[in-house]
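What follows is one structure encoded as structure tokens, with my remarks underneath.
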Number of protein chains: 2
Amino acid sequence: MKKIMLIFFLIADCAYGQQHPISFATKTEFAEVSRQLKSNELLSTSFENIKNEVDPYLNVDVDVPYPKDPAGGYTHDQHKFLYNLMFNAGLMYQLTGEVKYADLVKNILLKYAKLNPLLKNHPQATSASPGRLFWQALNDANWLVYAGLAYDLVNEHINIEDKKIIAEKTFAPIVNYFVVDQKQWFNLIHNHAVWATAGVGIVGIACDNDNYLQMALYGTEKDGKSGYIANLNGLFSPDGYYNEGPYYTRYALLPFYLFANAINHVKPELKIFEYRNRILKKALDVALQLTNTNGEFFSFNDALKDKTYQSNEVVNAIDFAWQAYGFDSSYLPVCKAQNRVVLCKGGADISAALNNLKSKNLYYPYTSAEFTDGADGMKGGVSVLRSGNSDNLSTLIYKYSSHGLSHGHYDKLNIQFYDKGYEILQDYGAVRYINIEQKWGGRYLPETNSYAQQTIAHNTITVDEKSHYNGIEKISEQNHATKMYGDINGKNLKVMAAMDDHAYSNVKLLRTVYMITIPGTEKTIVVDIFKTQSDSIHQYDLPFNFLGTVMSTNFKYHYNSNLSTLGNSNGYQYLWVEASTEKVSPFTQFTFLNHKSFYTISSLSSDSTQVFFTRTGANDSNFNLRRDPSYILRATNKNQTFINVIEPHGSFNPVSEIAVNSKSSIIAIERIQDDNELTEVRIKCKEGVIQIIQKNNDVKSEYIKVISDSGIGKQLRWSGSYYVSFNDQKLQ
Amino acid sequence: MKKIMLIFFLIADCAYGQQHPISFATKTEFAEVSRQLKSNELLSTSFENIKNEVDPYLNVDVDVPYPKDPAGGYTHDQHKFLYNLMFNAGLMYQLTGEVKYADLVKNILLKYAKLNPLLKNHPQATSASPGRLFWQALNDANWLVYAGLAYDLVNEHINIEDKKIIAEKTFAPIVNYFVVDQKQWFNLIHNHAVWATAGVGIVGIACDNDNYLQMALYGTEKDGKSGYIANLNGLFSPDGYYNEGPYYTRYALLPFYLFANAINHVKPELKIFEYRNRILKKALDVALQLTNTNGEFFSFNDALKDKTYQSNEVVNAIDFAWQAYGFDSSYLPVCKAQNRVVLCKGGADISAALNNLKSKNLYYPYTSAEFTDGADGMKGGVSVLRSGNSDNLSTLIYKYSSHGLSHGHYDKLNIQFYDKGYEILQDYGAVRYINIEQKWGGRYLPETNSYAQQTIAHNTITVDEKSHYNGIEKISEQNHATKMYGDINGKNLKVMAAMDDHAYSNVKLLRTVYMITIPGTEKTIVVDIFKTQSDSIHQYDLPFNFLGTVMSTNFKYHYNSNLSTLGNSNGYQYLWVEASTEKVSPFTQFTFLNHKSFYTISSLSSDSTQVFFTRTGANDSNFNLRRDPSYILRATNKNQTFINVIEPHGSFNPVSEIAVNSKSSIIAIERIQDDNELTEVRIKCKEGVIQIIQKNNDVKSEYIKVISDSGIGKQLRWSGSYYVSFNDQKLQ
């Protein structure tokens, strides 16, 4: 079978003859970039930086080693270096016209022609889809994309004999490995498959092999059930929300955009950038909305926290988006922070736009936004509630989405809170030191699964010390949480309610979050009403994974003189219990300091509530985890309601040594009514009284009427799923 | 007695009539500042900021409350606010000529005239020198300084009756409290006394009370054994090193400079700025050299880490230094970072200099420097060894000084290491959340003494789990470590050797640090040879209080499944033992990641060595401590030699996901000879072989000759206390 396929491919080779270069840019486009090099500073710097990277390797006999090492090791890094070197040299060839650059690319490609036919699965392969040049096939796909682009860039300079060698010996072994041996993987709906199809497609264009291109677009069976287009359909919701979350959106954007750009050159009739109502533009815009003001992608799912929109992938996505869709001022603050452009027409135009930039706006225009999940937009979603602006932005993320493939967490109804540029209530993200060889070859560390993905690592409820869906990905993948109601467009009030009755077979979870800006002030608080409904008694643990230093509590706790863990499994085994309480009074307050601001979590729970201060690090036998704290409320009950107020307040300046408003302004939380139908809460704070009434069932009937005592002796008439007032004035 | 003194003071009042204003600036100087307001942007912004702070309080009946609260509480903050308000309003009066500002000052001073005569010791006083307006007298001294300056600024606007009231009722109660009730404290050689004398002196000038001024300058007995001048003599070494260390230098600089400026106006014949070979300028320059590249003062002694040279105290010191000593380009990067100036002639001149600033140099010109300690320069010292520059500066601090008064630590022969702008091997500093009321009123927390000051919190040897001098300040104060030899001016080699034989009665400690830049490279390592000599067997613990994440070790360790502490007292009770070893092979390597760089500590110890990974937090019942790690080598021996190589290497970029040189280049450490006379070490690294020979005794004979086998079969002839070579080429 393999042999038959191989012959088929060889025949298909050279089936159509395209003008080169074409996959990255055309001659005309390169001429335009060259013309602008003189006048556009950022373009010129970007060009010079690449040239300076390439030049030292001209006339150098570079090493193309037999693959041996894991990520972070020499052969891994060298092959990664080489595909970048080839691509950059190809760019230099087109922009300078100097053949020495083309020769560099050719020589390396010919060295690979000797190596690639010899390759077996990589000796360090641990993945289900092993690589050949690298430990996992994903990295081989990266190699294909850039080596393919490089070959296309220098194609015109290569004689017919060498072309044949490069097609048959350099590329065919890897392509065939993908579409035959790793066919199932190649045909996935998954970011790996986006890379794999982009690689095969770009090599197809570079080698004039339409068969490669067709398989790339429509899957090995060319039936459209897999391949690049199927991934465009399957990985994004209609809003452009990417199934695996923002950290991986960033990663997937690169092959999506690189290949879309190539497709747009060779098959303009596909109108790929217009596809699915400009899904590629939406995907980029969603990815940017899902960043913190410092450019870091929100840390949910398997995210690495330091990753920002300055990364190479986003530079490429924005520059090709600009080329495809035209001027978009919202990108300029990001482009400015990126401080480099791609050497394509989009990059040149951005560089020109930055030359003329008058605005000093440092921030992407962050807004509140609601994103549905699932290809059909029917698998829950993620909402981002924002208040304030610029340096003073408060952001609450509420996640009621589906699982998010292999990089998803068991985090139904999780919230995260960012404020003033910092993460305040965190998602741990992933446990990984990417590409650091000492840390398990730079791969995801085992604690990603055993701790970071588990429910207890999140700011949501764990029932009976078991993770959602018992931590079984297959089952979690089949389910999702559900939005009940919400409106995130109010000036003083933003609301989102969602529920989940699949994560646990016998417990229904309902969580409603309110972001309230007190009228006439800049004070914004989050009110979080988290209800459980069950026929039987359960232990409910609700952590607040705060980042900061404990300032004070309104209750006494016992500080442990020997540390033991909070539990034995499902992530609990990684938590030292630093301090804990017996049952506390139901109204608890806990204040912490993060950077220069104070935060208080004021909670009204039930009589049975206990509090734990924990810290990650137990059983961390390789020092893989950070030592991060958590504040955990535990109640044992059938139906439990946790009412929490998350309140940023005051400031501390360690240089001038001034602390302002270091104490909470929440005086009391009262539960007026709380049953399966309705919850009514009054929050007394220094500024006045906040009243919240919410519907807990029958959420599909959008408008209802309820009569309630408004607290000042008169009848209150309202319609909708919720009612919120401040000092008896309705908020909206 | 009190009554007699009081009468004496009242008679002395108005003994001489001075033109006002004079203590902060003269009419002529203010005219010059006013003239420059238009042309100098920074001066103008600084003026506007102060005006905007003052204006809202014009025509407001400000509250002058009866003192009640600790630091961070209302009455504390209000009195602090008021003295600043008065001072700033006084400045606005002089610079705008508008009497409304003078009225504001007068009204507040007259309110104090009603309050101050009623005051008893502050109800929250816990200090040995309680305050009246504040919990400690130090804050009352701050009040005196600024209220005194403010009064002088508006003096001309106040009628003779009010002048009498202000002198007798507002100021005299506080001054008398200082010079009578707190006389012993006022007469100390200590930063508190600098503030107290500055306050009394400035009030003396403002009230035309020469008696006050004389006591301020020469002590209550006017014999010069105490008072401001005695503090100028006693608190600085001849080099300008301030006895309490850089964090407190910063604090003391303010009253030193404010009062010097006032003295220079009223008694120019004292030539106070020239005093002791310009000791005030030296003090400022030393303080700046003792900062990290981010402006943070080195964290030894009771330092708070976030404190930078942007603090108000340093703004004042630099601006008055500039006024007194003239243009100094080295200050400009600091002034630029400060982004504000004092509204004096120096500030105006700096603002003008910044207008014309061409250089883009962002850094103070940091150099290697050796500072003696003690008024006579004979009490050991502190050396700073630096290599590289700008963003790539490596800094080793070696402390062999005296104790440093009440804010000193038991840290003989301690080292700290900063690299690329970050603290790598830390001194914990102090345990304090200054002015945050919830944290014990913002005072020093008990863990400052029980942990942070203890020897185990430092990167130096603790013998038998006891701190230096058994943790007794009085005894530590009487002793100091001693420099043996050193030269910190070499290009490739900087050396400093010191010893201590008082910290422990039965053990002598010798430590020599070598900062070596490998010729032809930018690679800099620190070699640290730490020897103990004793007649009896002891347990020697040498911690490296590293900041970062454990990457790898070349030895196996046991990770503890229940945590207990390293010990029971002297700071050990705060350390959880996260992981430990039995005896390890003498050559251990430990690599960690700090921000974007890797660091390896390679150690050659003895066969008995054990390793502990600890973390602060045990017995931290109020969550006062950070959760910081330590890597502790423990050997039990008579004479012990720890040879450590501290090596920054490689880099990690989490955005581009590239890790470079994540592994140490140290291959082996060999001990060729090691006895009381001589230690010879060879360090084999990828780059070549480093050879170190050092003298361990007879250090007073500066030049010696030794014949040694250089390792390549020929005889080596050298003179001096040490010899260091790289690949057989002598380093210097």
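Following the order of the structure tokens, first chain is A, next is B, and so on, with residues numbered from 1 inside each chain and ligands from 1 in the order they appear.
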All residues 12 Å or closer to Ala317 in chain A, only C-alpha atoms, same chain fewer than 6 positions away omitted, as a PyMOL selection string | chain A and resi 249-261+273+280-285+287-288+309-311+323-325+331+334-335+338+341-342+344+346-347
For Tyr398 in chain B, work out the shell of residues within 7 Å, counting only C-alpha atoms and skipping chain neighbours fewer than 2 positions away, then give it as a list in words.
->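 Once the adjacent positions are removed, what remains is Val382, Ser383, Val384, Leu396, Tyr400, Leu413, Asn414, Ile415 and Gln416 of chain B.
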Using only C-alpha atoms, which residues sit within 9 Å of Val200 in chain B once same-chain residues fewer than 4 positions away are excluded, as a PyMOL selection string?
-> chain B and resi 141+144-145+148+171+174-175+178-179+195-196+204-205+212-213+215-216
Please identify every residue of chain B that has at least one atom no more than 9 Å from any atom of chain A, counting only C-alpha atoms, and report them as a ChimeraX atom specification.
-> /B:72,77,304-312,433-439,549-552,557-565,576,578-579,617-627,652,654-660,662-663
Taking only C-alpha atoms into account, which of B:Ser664, B:Thr126, B:Asn264, B:Gln673 comes nearest Ser651 in chain B?
->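 Among B:Ser664, B:Thr126, B:Asn264, B:Gln673, it is B:Ser664 that comes nearest to Ser651 in chain B.
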Among range 314-521 of chain A, which ones does DSSP place in alpha helix (DSSP H), written as number ranges by chain?
-> A: 314-325, 332-338, 345-355, 446-447, 473-477
Using DSSP on the backbone, list every residue of range 441-668 of chain A that comes out as strand (DSSP E), and give them as JSON, numbers by chain.
-> {"A": [462, 463, 482, 483, 484, 485, 486, 487, 493, 494, 495, 496, 497, 498, 499, 500, 501, 502, 503, 504, 507, 508, 509, 510, 511, 512, 513, 514, 515, 516, 517, 524, 525, 526, 527, 528, 529, 530, 531, 532, 533, 534, 538, 539, 540, 541, 542, 543, 544, 549, 550, 551, 552, 553, 558, 559, 575, 576, 577, 578, 579, 580, 587, 588, 589, 590, 591, 592, 593, 594, 597, 598, 599, 600, 601, 602, 603, 604, 610, 611, 612, 613, 614, 615, 616, 629, 630, 631, 632, 633, 634, 635, 636, 637, 640, 641, 642, 643, 644, 645, 646, 647, 648, 649, 651, 652, 653, 658, 659, 660, 666, 667, 668]}
Test item: residues at most 10 Å from range 92-109 of chain B, only C-alpha atoms, excluding those fewer than 6 positions along its chain, as a PyMOL selection string | chain B and resi 21+25-27+30-35+37+47-48+50-51+54-55+57-64+82-83+85-86+115+147-148+150-151+153-158+162-163+165-167+169-171+343
